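Novice: Pasting work.pdb here (PDB, C-alpha atoms, pLDDT in the B column):
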ATOM      1  CA  ARG P  19     -13.875 -17.190  87.374  1.00 71.00           C
ATOM      2  CA  LYS P  20     -15.095 -19.782  84.888  1.00 79.00           C
ATOM      3  CA  GLU P  21     -15.725 -23.289  86.168  1.00 87.00           C
ATOM      4  CA  VAL P  22     -13.276 -24.740  83.686  1.00 91.00           C
ATOM      5  CA  GLU P  23     -10.718 -22.661  81.818  1.00 93.00           C
ATOM      6  CA  GLN P  24      -8.449 -23.548  78.968  1.00 94.00           C
ATOM      7  CA  ASP P  25      -6.081 -21.510  76.822  1.00 92.00           C
ATOM      8  CA  PRO P  26      -7.805 -21.530  73.418  1.00 90.00           C
ATOM      9  CA  GLY P  27      -4.494 -21.482  71.543  1.00 90.00           C
ATOM     10  CA  PRO P  28      -3.769 -22.224  68.814  1.00 93.00           C
ATOM     11  CA  PHE P  29      -0.597 -23.999  69.776  1.00 95.00           C
ATOM     12  CA  ASN P  30       1.473 -24.353  66.614  1.00 96.00           C
ATOM     13  CA  VAL P  31       4.236 -26.911  67.103  1.00 97.00           C
ATOM     14  CA  PRO P  32       6.575 -28.743  64.718  1.00 97.00           C
ATOM     15  CA  GLU P  33       6.358 -32.479  64.246  1.00 98.00           C
ATOM     16  CA  GLY P  34       8.273 -34.309  66.937  1.00 98.00           C
ATOM     17  CA  ALA P  35       7.889 -31.565  69.502  1.00 97.00           C
ATOM     18  CA  THR P  36       6.532 -31.980  73.001  1.00 97.00           C
ATOM     19  CA  VAL P  37       3.554 -29.830  73.918  1.00 97.00           C
ATOM     20  CA  ALA P  38       1.586 -29.434  77.125  1.00 96.00           C
ATOM     21  CA  PHE P  39      -1.826 -27.985  77.881  1.00 93.00           C
ATOM     22  CA  ASN P  40      -3.251 -27.028  81.215  1.00 95.00           C
ATOM     23  CA  CYS P  41      -6.838 -26.770  82.316  1.00 96.00           C
ATOM     24  CA  THR P  42      -7.865 -25.064  85.543  1.00 96.00           C
ATOM     25  CA  TYR P  43     -11.070 -25.726  87.432  1.00 95.00           C
ATOM     26  CA  SER P  44     -12.734 -23.672  90.131  1.00 93.00           C
ATOM     27  CA  ASN P  45     -14.670 -26.246  92.162  1.00 89.00           C
ATOM     28  CA  SER P  46     -12.390 -27.903  94.680  1.00 89.00           C
ATOM     29  CA  ALA P  47     -14.977 -30.670  95.130  1.00 88.00           C
ATOM     30  CA  SER P  48     -14.553 -31.825  91.534  1.00 88.00           C
ATOM     31  CA  GLN P  49     -14.356 -35.568  91.410  1.00 85.00           C
ATOM     32  CA  SER P  50     -13.379 -36.795  87.984  1.00 88.00           C
ATOM     33  CA  PHE P  51     -11.515 -35.412  85.045  1.00 92.00           C
ATOM     34  CA  PHE P  52     -11.123 -36.274  81.403  1.00 92.00           C
ATOM     35  CA  TRP P  53      -9.454 -35.147  78.225  1.00 95.00           C
ATOM     36  CA  TYR P  54     -11.419 -35.358  75.000  1.00 94.00           C
ATOM     37  CA  ARG P  55     -10.214 -34.764  71.490  1.00 96.00           C
ATOM     38  CA  GLN P  56     -12.397 -33.050  68.892  1.00 95.00           C
ATOM     39  CA  ASP P  57     -11.469 -32.866  65.231  1.00 95.00           C
ATOM     40  CA  CYS P  58     -12.861 -30.068  63.102  1.00 91.00           C
ATOM     41  CA  ARG P  59     -16.609 -30.498  62.564  1.00 89.00           C
ATOM     42  CA  LYS P  60     -16.575 -33.859  64.331  1.00 93.00           C
ATOM     43  CA  GLU P  61     -17.830 -35.183  67.632  1.00 94.00           C
ATOM     44  CA  PRO P  62     -15.687 -35.179  70.792  1.00 94.00           C
ATOM     45  CA  LYS P  63     -13.962 -38.459  71.503  1.00 93.00           C
ATOM     46  CA  LEU P  64     -12.579 -39.583  74.830  1.00 91.00           C
ATOM     47  CA  LEU P  65      -8.793 -39.388  74.842  1.00 94.00           C
ATOM     48  CA  MET P  66      -8.107 -40.373  78.413  1.00 92.00           C
ATOM     49  CA  SER P  67      -9.301 -40.148  81.951  1.00 90.00           C
ATOM     50  CA  VAL P  68      -7.152 -38.314  84.474  1.00 91.00           C
ATOM     51  CA  TYR P  69      -6.357 -40.133  87.678  1.00 84.00           C
ATOM     52  CA  SER P  70      -4.961 -38.721  90.884  1.00 87.00           C
ATOM     53  CA  SER P  71      -1.765 -40.682  90.383  1.00 88.00           C
ATOM     54  CA  GLY P  72      -1.433 -39.523  86.802  1.00 88.00           C
ATOM     55  CA  ASN P  73      -1.672 -41.784  83.825  1.00 92.00           C
ATOM     56  CA  GLU P  74       0.084 -42.408  80.577  1.00 94.00           C
ATOM     57  CA  ASP P  75      -1.096 -43.813  77.283  1.00 94.00           C
ATOM     58  CA  GLY P  76       1.644 -44.049  74.716  1.00 96.00           C
ATOM     59  CA  ARG P  77       2.745 -40.512  73.854  1.00 97.00           C
ATOM     60  CA  PHE P  78       0.085 -38.953  76.053  1.00 97.00           C
ATOM     61  CA  THR P  79       0.405 -38.229  79.755  1.00 97.00           C
ATOM     62  CA  ALA P  80      -2.311 -36.726  81.906  1.00 96.00           C
ATOM     63  CA  GLN P  81      -1.815 -35.374  85.396  1.00 96.00           C
ATOM     64  CA  LEU P  82      -3.978 -33.919  88.118  1.00 96.00           C
ATOM     65  CA  ASN P  83      -2.874 -31.292  90.615  1.00 95.00           C
ATOM     66  CA  ARG P  84      -5.617 -30.972  93.204  1.00 94.00           C
ATOM     67  CA  ALA P  85      -3.763 -28.422  95.319  1.00 94.00           C
ATOM     68  CA  SER P  86      -3.553 -25.967  92.439  1.00 95.00           C
ATOM     69  CA  GLN P  87      -6.769 -27.208  90.817  1.00 95.00           C
ATOM     70  CA  TYR P  88      -5.575 -27.987  87.363  1.00 95.00           C
ATOM     71  CA  ILE P  89      -5.119 -30.920  85.054  1.00 96.00           C
ATOM     72  CA  SER P  90      -2.562 -31.197  82.308  1.00 97.00           C
ATOM     73  CA  LEU P  91      -2.056 -33.085  79.096  1.00 97.00           C
ATOM     74  CA  LEU P  92       1.406 -33.712  77.710  1.00 97.00           C
ATOM     75  CA  ILE P  93       1.912 -34.923  74.167  1.00 98.00           C
ATOM     76  CA  ARG P  94       5.358 -36.190  73.235  1.00 98.00           C
ATOM     77  CA  ASP P  95       6.719 -36.650  69.705  1.00 98.00           C
ATOM     78  CA  SER P  96       3.800 -34.756  68.147  1.00 98.00           C
ATOM     79  CA  LYS P  97       2.345 -36.160  64.950  1.00 98.00           C
ATOM     80  CA  LEU P  98       0.446 -34.326  62.221  1.00 97.00           C
ATOM     81  CA  SER P  99      -2.543 -36.461  63.181  1.00 97.00           C
ATOM     82  CA  ASP P 100      -2.520 -34.943  66.671  1.00 98.00           C
ATOM     83  CA  SER P 101      -3.850 -31.686  65.202  1.00 97.00           C
ATOM     84  CA  ALA P 102      -7.222 -31.187  66.864  1.00 97.00           C
ATOM     85  CA  THR P 103      -8.937 -29.350  69.680  1.00 96.00           C
ATOM     86  CA  TYR P 104      -8.436 -30.845  73.129  1.00 97.00           C
ATOM     87  CA  LEU P 105     -11.316 -30.472  75.556  1.00 94.00           C
ATOM     88  CA  CYS P 106     -10.930 -30.615  79.294  1.00 93.00           C
ATOM     89  CA  VAL P 107     -13.908 -32.101  81.147  1.00 91.00           C
ATOM     90  CA  VAL P 108     -14.537 -31.810  84.868  1.00 90.00           C
ATOM     91  CA  ASN P 109     -17.215 -33.596  86.859  1.00 85.00           C
ATOM     92  CA  SER P 110     -18.164 -31.836  90.076  1.00 79.00           C
ATOM     93  CA  GLY P 111     -20.715 -34.417  91.086  1.00 72.00           C
ATOM     94  CA  GLY P 112     -23.938 -35.460  89.431  1.00 67.00           C
ATOM     95  CA  TYR P 113     -24.817 -35.687  85.777  1.00 62.00           C
ATOM     96  CA  GLN P 114     -25.610 -32.011  85.476  1.00 62.00           C
ATOM     97  CA  LYS P 115     -22.285 -31.062  86.963  1.00 71.00           C
ATOM     98  CA  VAL P 116     -20.163 -32.169  84.032  1.00 79.00           C
ATOM     99  CA  THR P 117     -18.480 -29.081  82.605  1.00 85.00           C
ATOM    100  CA  PHE P 118     -16.636 -28.957  79.316  1.00 88.00           C
ATOM    101  CA  GLY P 119     -13.880 -26.471  78.706  1.00 91.00           C
ATOM    102  CA  THR P 120     -13.912 -24.500  75.477  1.00 91.00           C
ATOM    103  CA  GLY P 121     -10.896 -26.397  74.213  1.00 93.00           C
ATOM    104  CA  THR P 122      -7.296 -25.823  73.231  1.00 95.00           C
ATOM    105  CA  LYS P 123      -6.490 -25.984  69.561  1.00 95.00           C
ATOM    106  CA  LEU P 124      -3.311 -27.782  68.545  1.00 97.00           C
ATOM    107  CA  GLN P 125      -1.804 -27.523  65.085  1.00 97.00           C
ATOM    108  CA  VAL P 126       1.188 -29.744  64.360  1.00 98.00           C
ATOM    109  CA  ILE P 127       3.246 -28.374  61.499  1.00 97.00           C
ATOM    110  CA  PRO P 128       5.366 -30.471  59.107  1.00 95.00           C
TER     111      PRO P 128
ATOM    112  CA  ASN X  10     -22.258 -51.887  66.960  1.00 58.00           C
ATOM    113  CA  ALA X  11     -22.797 -48.406  65.619  1.00 68.00           C
ATOM    114  CA  GLY X  12     -22.633 -46.736  69.047  1.00 88.00           C
ATOM    115  CA  VAL X  13     -24.683 -43.543  68.888  1.00 93.00           C
ATOM    116  CA  THR X  14     -26.613 -42.630  65.746  1.00 95.00           C
ATOM    117  CA  GLN X  15     -28.032 -39.156  65.265  1.00 96.00           C
ATOM    118  CA  THR X  16     -30.354 -37.978  62.533  1.00 96.00           C
ATOM    119  CA  PRO X  17     -30.533 -35.719  60.670  1.00 97.00           C
ATOM    120  CA  LYS X  18     -26.934 -34.568  60.198  1.00 96.00           C
ATOM    121  CA  PHE X  19     -28.017 -31.153  58.913  1.00 96.00           C
ATOM    122  CA  ARG X  20     -31.231 -29.184  59.070  1.00 96.00           C
ATOM    123  CA  ILE X  21     -32.421 -25.665  58.322  1.00 97.00           C
ATOM    124  CA  LEU X  22     -35.535 -24.542  60.161  1.00 97.00           C
ATOM    125  CA  LYS X  23     -37.614 -21.427  59.911  1.00 97.00           C
ATOM    126  CA  ILE X  24     -38.392 -19.477  63.068  1.00 97.00           C
ATOM    127  CA  GLY X  25     -41.368 -21.013  64.838  1.00 97.00           C
ATOM    128  CA  GLN X  26     -41.093 -24.422  63.197  1.00 97.00           C
ATOM    129  CA  SER X  27     -40.693 -27.562  65.233  1.00 96.00           C
ATOM    130  CA  MET X  28     -38.548 -30.618  64.776  1.00 97.00           C
ATOM    131  CA  THR X  29     -37.245 -33.687  66.539  1.00 98.00           C
ATOM    132  CA  LEU X  30     -33.601 -34.643  66.619  1.00 98.00           C
ATOM    133  CA  GLN X  31     -33.313 -38.400  66.793  1.00 97.00           C
ATOM    134  CA  CYS X  32     -30.731 -40.273  68.838  1.00 97.00           C
ATOM    135  CA  THR X  33     -30.367 -44.028  69.067  1.00 96.00           C
ATOM    136  CA  GLN X  34     -27.756 -46.112  70.843  1.00 94.00           C
ATOM    137  CA  ASP X  35     -27.154 -49.818  70.490  1.00 91.00           C
ATOM    138  CA  MET X  36     -24.859 -50.305  73.484  1.00 87.00           C
ATOM    139  CA  ASN X  37     -27.716 -50.924  75.948  1.00 87.00           C
ATOM    140  CA  HIS X  38     -26.333 -48.238  78.250  1.00 86.00           C
ATOM    141  CA  ASN X  39     -28.579 -46.430  80.671  1.00 88.00           C
ATOM    142  CA  TYR X  40     -27.142 -42.936  80.540  1.00 89.00           C
ATOM    143  CA  MET X  41     -27.859 -40.625  77.643  1.00 91.00           C
ATOM    144  CA  TYR X  42     -27.270 -36.912  77.160  1.00 91.00           C
ATOM    145  CA  TRP X  43     -28.018 -34.058  74.803  1.00 95.00           C
ATOM    146  CA  TYR X  44     -25.473 -31.276  74.416  1.00 94.00           C
ATOM    147  CA  ARG X  45     -25.265 -28.201  72.254  1.00 96.00           C
ATOM    148  CA  GLN X  46     -22.014 -26.660  71.097  1.00 95.00           C
ATOM    149  CA  ASP X  47     -21.813 -23.078  69.908  1.00 93.00           C
ATOM    150  CA  PRO X  48     -18.728 -21.696  68.144  1.00 84.00           C
ATOM    151  CA  GLY X  49     -15.935 -20.986  70.610  1.00 79.00           C
ATOM    152  CA  MET X  50     -17.973 -22.324  73.489  1.00 82.00           C
ATOM    153  CA  GLY X  51     -17.830 -25.485  75.506  1.00 83.00           C
ATOM    154  CA  LEU X  52     -20.520 -28.106  75.250  1.00 89.00           C
ATOM    155  CA  LYS X  53     -23.594 -27.269  77.289  1.00 91.00           C
ATOM    156  CA  LEU X  54     -25.837 -29.994  78.706  1.00 90.00           C
ATOM    157  CA  ILE X  55     -29.473 -29.624  77.638  1.00 95.00           C
ATOM    158  CA  TYR X  56     -31.104 -32.739  79.091  1.00 94.00           C
ATOM    159  CA  TYR X  57     -29.971 -36.090  80.355  1.00 91.00           C
ATOM    160  CA  SER X  58     -31.496 -39.441  81.202  1.00 92.00           C
ATOM    161  CA  VAL X  59     -30.336 -42.130  83.588  1.00 89.00           C
ATOM    162  CA  GLY X  60     -32.663 -44.769  82.211  1.00 91.00           C
ATOM    163  CA  ALA X  61     -35.888 -45.446  80.361  1.00 94.00           C
ATOM    164  CA  GLY X  62     -38.684 -43.260  81.704  1.00 95.00           C
ATOM    165  CA  ILE X  63     -36.324 -40.927  83.573  1.00 95.00           C
ATOM    166  CA  THR X  64     -35.206 -37.558  82.262  1.00 96.00           C
ATOM    167  CA  ASP X  65     -33.917 -34.394  83.866  1.00 93.00           C
ATOM    168  CA  LYS X  66     -32.861 -30.893  82.928  1.00 93.00           C
ATOM    169  CA  GLY X  67     -29.312 -29.907  82.332  1.00 90.00           C
ATOM    170  CA  GLU X  68     -27.781 -26.459  82.188  1.00 89.00           C
ATOM    171  CA  VAL X  69     -29.708 -25.051  79.184  1.00 94.00           C
ATOM    172  CA  PRO X  70     -33.093 -26.844  78.878  1.00 96.00           C
ATOM    173  CA  ASN X  71     -35.296 -23.915  77.850  1.00 96.00           C
ATOM    174  CA  GLY X  72     -36.895 -24.373  74.457  1.00 96.00           C
ATOM    175  CA  TYR X  73     -36.333 -28.131  74.397  1.00 98.00           C
ATOM    176  CA  ASN X  74     -38.093 -31.291  75.495  1.00 97.00           C
ATOM    177  CA  VAL X  75     -37.012 -34.904  75.651  1.00 98.00           C
ATOM    178  CA  SER X  76     -38.482 -38.319  76.219  1.00 97.00           C
ATOM    179  CA  ARG X  77     -36.959 -41.697  76.984  1.00 97.00           C
ATOM    180  CA  SER X  78     -39.501 -44.426  76.344  1.00 96.00           C
ATOM    181  CA  THR X  79     -36.862 -47.050  75.598  1.00 96.00           C
ATOM    182  CA  THR X  80     -33.234 -47.601  76.557  1.00 94.00           C
ATOM    183  CA  GLU X  81     -32.193 -47.133  72.935  1.00 95.00           C
ATOM    184  CA  ASP X  82     -33.891 -43.874  71.977  1.00 97.00           C
ATOM    185  CA  PHE X  83     -33.564 -40.370  73.371  1.00 97.00           C
ATOM    186  CA  PRO X  84     -35.154 -37.828  70.998  1.00 98.00           C
ATOM    187  CA  LEU X  85     -34.812 -34.072  71.492  1.00 98.00           C
ATOM    188  CA  ARG X  86     -37.769 -31.897  70.539  1.00 98.00           C
ATOM    189  CA  LEU X  87     -37.700 -28.228  69.553  1.00 96.00           C
ATOM    190  CA  GLU X  88     -41.235 -26.870  69.600  1.00 90.00           C
ATOM    191  CA  LEU X  89     -40.808 -23.263  68.456  1.00 95.00           C
ATOM    192  CA  ALA X  90     -37.443 -22.856  66.826  1.00 96.00           C
ATOM    193  CA  ALA X  91     -35.590 -19.620  67.499  1.00 97.00           C
ATOM    194  CA  PRO X  92     -32.359 -18.246  65.992  1.00 96.00           C
ATOM    195  CA  SER X  93     -30.681 -18.722  69.385  1.00 96.00           C
ATOM    196  CA  GLN X  94     -31.073 -22.467  68.873  1.00 97.00           C
ATOM    197  CA  THR X  95     -28.749 -22.420  65.892  1.00 97.00           C
ATOM    198  CA  SER X  96     -26.019 -24.763  67.052  1.00 97.00           C
ATOM    199  CA  VAL X  97     -24.465 -28.182  66.733  1.00 97.00           C
ATOM    200  CA  TYR X  98     -26.287 -30.766  68.803  1.00 97.00           C
ATOM    201  CA  PHE X  99     -24.584 -33.861  70.130  1.00 96.00           C
ATOM    202  CA  CYS X 100     -26.207 -36.860  71.683  1.00 95.00           C
ATOM    203  CA  ALA X 101     -24.054 -39.009  73.940  1.00 92.00           C
ATOM    204  CA  GLU X 102     -24.326 -42.182  75.953  1.00 89.00           C
ATOM    205  CA  GLY X 103     -22.340 -43.762  78.726  1.00 81.00           C
ATOM    206  CA  VAL X 104     -22.183 -46.499  81.299  1.00 69.00           C
ATOM    207  CA  GLY X 105     -22.357 -44.132  84.198  1.00 63.00           C
ATOM    208  CA  ASN X 106     -21.420 -40.734  85.439  1.00 58.00           C
ATOM    209  CA  THR X 107     -18.059 -40.971  83.774  1.00 66.00           C
ATOM    210  CA  GLU X 108     -16.896 -40.806  80.206  1.00 71.00           C
ATOM    211  CA  ALA X 109     -19.412 -40.365  77.433  1.00 80.00           C
ATOM    212  CA  PHE X 110     -19.470 -41.483  73.811  1.00 88.00           C
ATOM    213  CA  PHE X 111     -20.872 -39.049  71.295  1.00 92.00           C
ATOM    214  CA  GLY X 112     -22.871 -39.258  68.121  1.00 94.00           C
ATOM    215  CA  GLN X 113     -21.698 -37.432  65.017  1.00 95.00           C
ATOM    216  CA  GLY X 114     -23.825 -34.389  65.684  1.00 96.00           C
ATOM    217  CA  THR X 115     -26.686 -32.496  64.056  1.00 96.00           C
ATOM    218  CA  ARG X 116     -25.971 -29.061  62.590  1.00 96.00           C
ATOM    219  CA  LEU X 117     -29.098 -26.970  62.989  1.00 97.00           C
ATOM    220  CA  THR X 118     -29.634 -23.513  61.534  1.00 97.00           C
ATOM    221  CA  VAL X 119     -32.729 -21.486  62.393  1.00 97.00           C
ATOM    222  CA  VAL X 120     -33.494 -18.635  59.995  1.00 96.00           C
TER     223      VAL X 120
END
Kindly transcribe the structure held in the file into structure tokens.

Specialist:
Amino acid sequence: RKEVEQDPGPFNVPEGATVAFNCTYSNSASQSFFWYRQDCRKEPKLLMSVYSSGNEDGRFTAQLNRASQYISLLIRDSKLSDSATYLCVVNSGGYQKVTFGTGTKLQVIP
Amino acid sequence: NAGVTQTPKFRILKIGQSMTLQCTQDMNHNYMYWYRQDPGMGLKLIYYSVGAGITDKGEVPNGYNVSRSTTEDFPLRLELAAPSQTSVYFCAEGVGNTEAFFGQGTRLTVV
């Protein structure tokens, strides 16, 4: 099993739709979690951290399920500008233990 | 503040050539990282540094070297370029073992 797994997609959704991505991780000792966004041929940019209690930032909601070892990202009212690849990042302790998922591609369609 | 600046943005190398990828940050943060990203793959950590004078290997360090003589600069050296090193290289910095902020990347092709 990979350390961090994501469905590569693509997820093709119409504008205004709600879409959710999951990311599973294998190390139960993982300590911190993040979602990054990466546009085509650009650098990854931090979207949000994922807290145990869940967190929300505008149209974006991130949640952590430690029992089932996954994190999720929910995007409400999708915009064309949300089209990107979303990377899940898991830190299992120490700088060398940061693992990036391969990303989930989202395409929002007019 | 520019954040993280990487140069060059693109480079084509011949097998066996050497080059240095430059990375500079102006945020005065201690932690810096070098990643490579291959198509369809997640980012892989090459080397990292927790402060000036301190560097350590990441997941895929073979074929690379780094130095950290100042807080601002963290260059990555390829001594004998190989086709397997064709990739996009990202330098990143952060305030700790948490989120990282990335440079715009260097696209390297080894032929």

Novice: With all atoms listed in the file as the atoms that count, which of X:Pro17, X:Pro84, X:Gly62, X:Gly67 lies nearest to chain P?

Specialist: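 Distance minimum relative to chain P lands on X:Gly67.
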
Novice: Could you give me, as a PDB file with C-alpha atoms, in the frame of the given file, the residues within 8 Å of Gly34 in chain P, counting only C-alpha atoms and dropping anything in the same chain fewer than 2 positions from it?

Specialist:
ATOM      1  CA  PRO P  32       6.575 -28.743  64.718  1.00 97.00           C
ATOM      2  CA  THR P  36       6.532 -31.980  73.001  1.00 97.00           C
ATOM      3  CA  ARG P  94       5.358 -36.190  73.235  1.00 98.00           C
ATOM      4  CA  ASP P  95       6.719 -36.650  69.705  1.00 98.00           C
ATOM      5  CA  SER P  96       3.800 -34.756  68.147  1.00 98.00           C
ATOM      6  CA  LYS P  97       2.345 -36.160  64.950  1.00 98.00           C
TER       7      LYS P  97
END

Novice: Dump as number ranges by chain the residues of chain X that approach chain P to within 8 Å, counting all atoms listed in the file.

Specialist: X: 49-54, 57, 66-68, 99, 106-114

Novice: With the file shown as input, list the residues that the PyMOL selection byres ((chain P and resi 37-46) around 8) selects, as a PDB file with C-alpha atoms, keeping the file's coordinate frame.

Specialist:
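Printed below is result-v3.pdb as written:
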ATOM      1  CA  ARG P  19     -13.875 -17.190  87.374  1.00 71.00           C
ATOM      2  CA  LYS P  20     -15.095 -19.782  84.888  1.00 79.00           C
ATOM      3  CA  GLU P  21     -15.725 -23.289  86.168  1.00 87.00           C
ATOM      4  CA  VAL P  22     -13.276 -24.740  83.686  1.00 91.00           C
ATOM      5  CA  GLU P  23     -10.718 -22.661  81.818  1.00 93.00           C
ATOM      6  CA  GLN P  24      -8.449 -23.548  78.968  1.00 94.00           C
ATOM      7  CA  ASP P  25      -6.081 -21.510  76.822  1.00 92.00           C
ATOM      8  CA  VAL P  31       4.236 -26.911  67.103  1.00 97.00           C
ATOM      9  CA  ALA P  35       7.889 -31.565  69.502  1.00 97.00           C
ATOM     10  CA  THR P  36       6.532 -31.980  73.001  1.00 97.00           C
ATOM     11  CA  ALA P  47     -14.977 -30.670  95.130  1.00 88.00           C
ATOM     12  CA  SER P  48     -14.553 -31.825  91.534  1.00 88.00           C
ATOM     13  CA  ARG P  84      -5.617 -30.972  93.204  1.00 94.00           C
ATOM     14  CA  GLN P  87      -6.769 -27.208  90.817  1.00 95.00           C
ATOM     15  CA  TYR P  88      -5.575 -27.987  87.363  1.00 95.00           C
ATOM     16  CA  ILE P  89      -5.119 -30.920  85.054  1.00 96.00           C
ATOM     17  CA  SER P  90      -2.562 -31.197  82.308  1.00 97.00           C
ATOM     18  CA  LEU P  91      -2.056 -33.085  79.096  1.00 97.00           C
ATOM     19  CA  LEU P  92       1.406 -33.712  77.710  1.00 97.00           C
ATOM     20  CA  ILE P  93       1.912 -34.923  74.167  1.00 98.00           C
ATOM     21  CA  ARG P  94       5.358 -36.190  73.235  1.00 98.00           C
ATOM     22  CA  SER P  96       3.800 -34.756  68.147  1.00 98.00           C
ATOM     23  CA  CYS P 106     -10.930 -30.615  79.294  1.00 93.00           C
ATOM     24  CA  VAL P 108     -14.537 -31.810  84.868  1.00 90.00           C
ATOM     25  CA  SER P 110     -18.164 -31.836  90.076  1.00 79.00           C
ATOM     26  CA  GLY P 119     -13.880 -26.471  78.706  1.00 91.00           C
ATOM     27  CA  THR P 122      -7.296 -25.823  73.231  1.00 95.00           C
TER      28      THR P 122
END

Novice: Tell me, in Å to one decimal, how far CA of Ala80 in chain P is from CA of Gly27 in chain P.

Specialist: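 Between CA of Ala80 in chain P and CA of Gly27 in chain P the gap is 18.6 Å.
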
Novice: Just to confirm, what's the straight-line distance from CA of Val119 in chain X to CA of Gly25 in chain X in Å (one decimal)?

Specialist: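 Atom-to-atom, CA of Val119 in chain X to CA of Gly25 in chain X, that is 9.0 Å.
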
Novice: Applied to this file, what does the PyMOL selection byres ((chain X and resi 87) around 10) return in terms of residues, put as a PyMOL selection string?

Specialist: chain X and resi 25-30+71-75+85-86+88-91+94

Novice: Any idea what's packed within 9 Å of Leu98 in chain P, counting only C-alpha atoms, ignoring anything in its chain fewer than 3 positions away? Could you give it as number ranges by chain?

Specialist: P: 32-33, 101, 125-128

Novice: Identify which of the residues P:Pro28, P:Ala85, P:Gly72, P:Asp57 lies closest to Ser99 in chain P, counting all atoms listed in the file when measuring atom-to-atom distances.

Specialist: P:Asp57

Novice: Using CA of Ala101 in chain X and CA of Phe83 in chain X as the two end points, give the distance in Å to one decimal.

Specialist: 9.6 Å

Novice: Let me make sure I understand: among X:Thr64, X:Ser78, X:Thr118, X:Gln34, which one has the smallest atom-to-atom distance to Glu102 in chain X if we use only C-alpha atoms?

Specialist: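 Going through X:Thr64, X:Ser78, X:Thr118, X:Gln34 one by one, the smallest distance to Glu102 in chain X is for X:Gln34.
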
Novice: Just checking: using all atoms listed in the file, which residue out of X:Thr115, X:Tyr42, X:Val69, X:Val59 ends up closest to Thr95 in chain X?

Specialist: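 Closest residue, counting all atoms listed in the file: X:Thr115.
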
Novice: Taking (-28.9, -46.8, 67.1) in the coordinates of the supplied file, I want to know which residues reach to within 9 Å of it, counting all atoms listed in the file; could you give the answer as number ranges by chain?

Specialist: X: 10-15, 32-36, 81-82

Novice: Here is a test: counting all atoms listed in the file, which residue of X:Ser76, X:Asn39, X:Ser96, X:Gln46 is nearest to Phe19 in chain X?

Specialist: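 Looking only at the distances to Phe19 in chain X, the closest residue turns out to be X:Ser96.
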
Novice: Box for range 83-99 of chain P: with edges along x, y and z, all listed atoms inside and 5 Å added on each side, what are the centre and edge lengths in Å to one decimal, as lines of an AutoDock Vina configuration file?

Specialist:
center_x = 0.0
center_y = -31.3
center_z = 78.8
size_x = 23.5
size_y = 20.7
size_z = 43.1

Novice: Of the residues X:Arg45, X:Leu117, X:Gly60, X:Lys18, which is the one nearest to Cys100 in chain X, using only C-alpha atoms?

Specialist: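 Of all the options, X:Arg45 lies closest to Cys100 in chain X.
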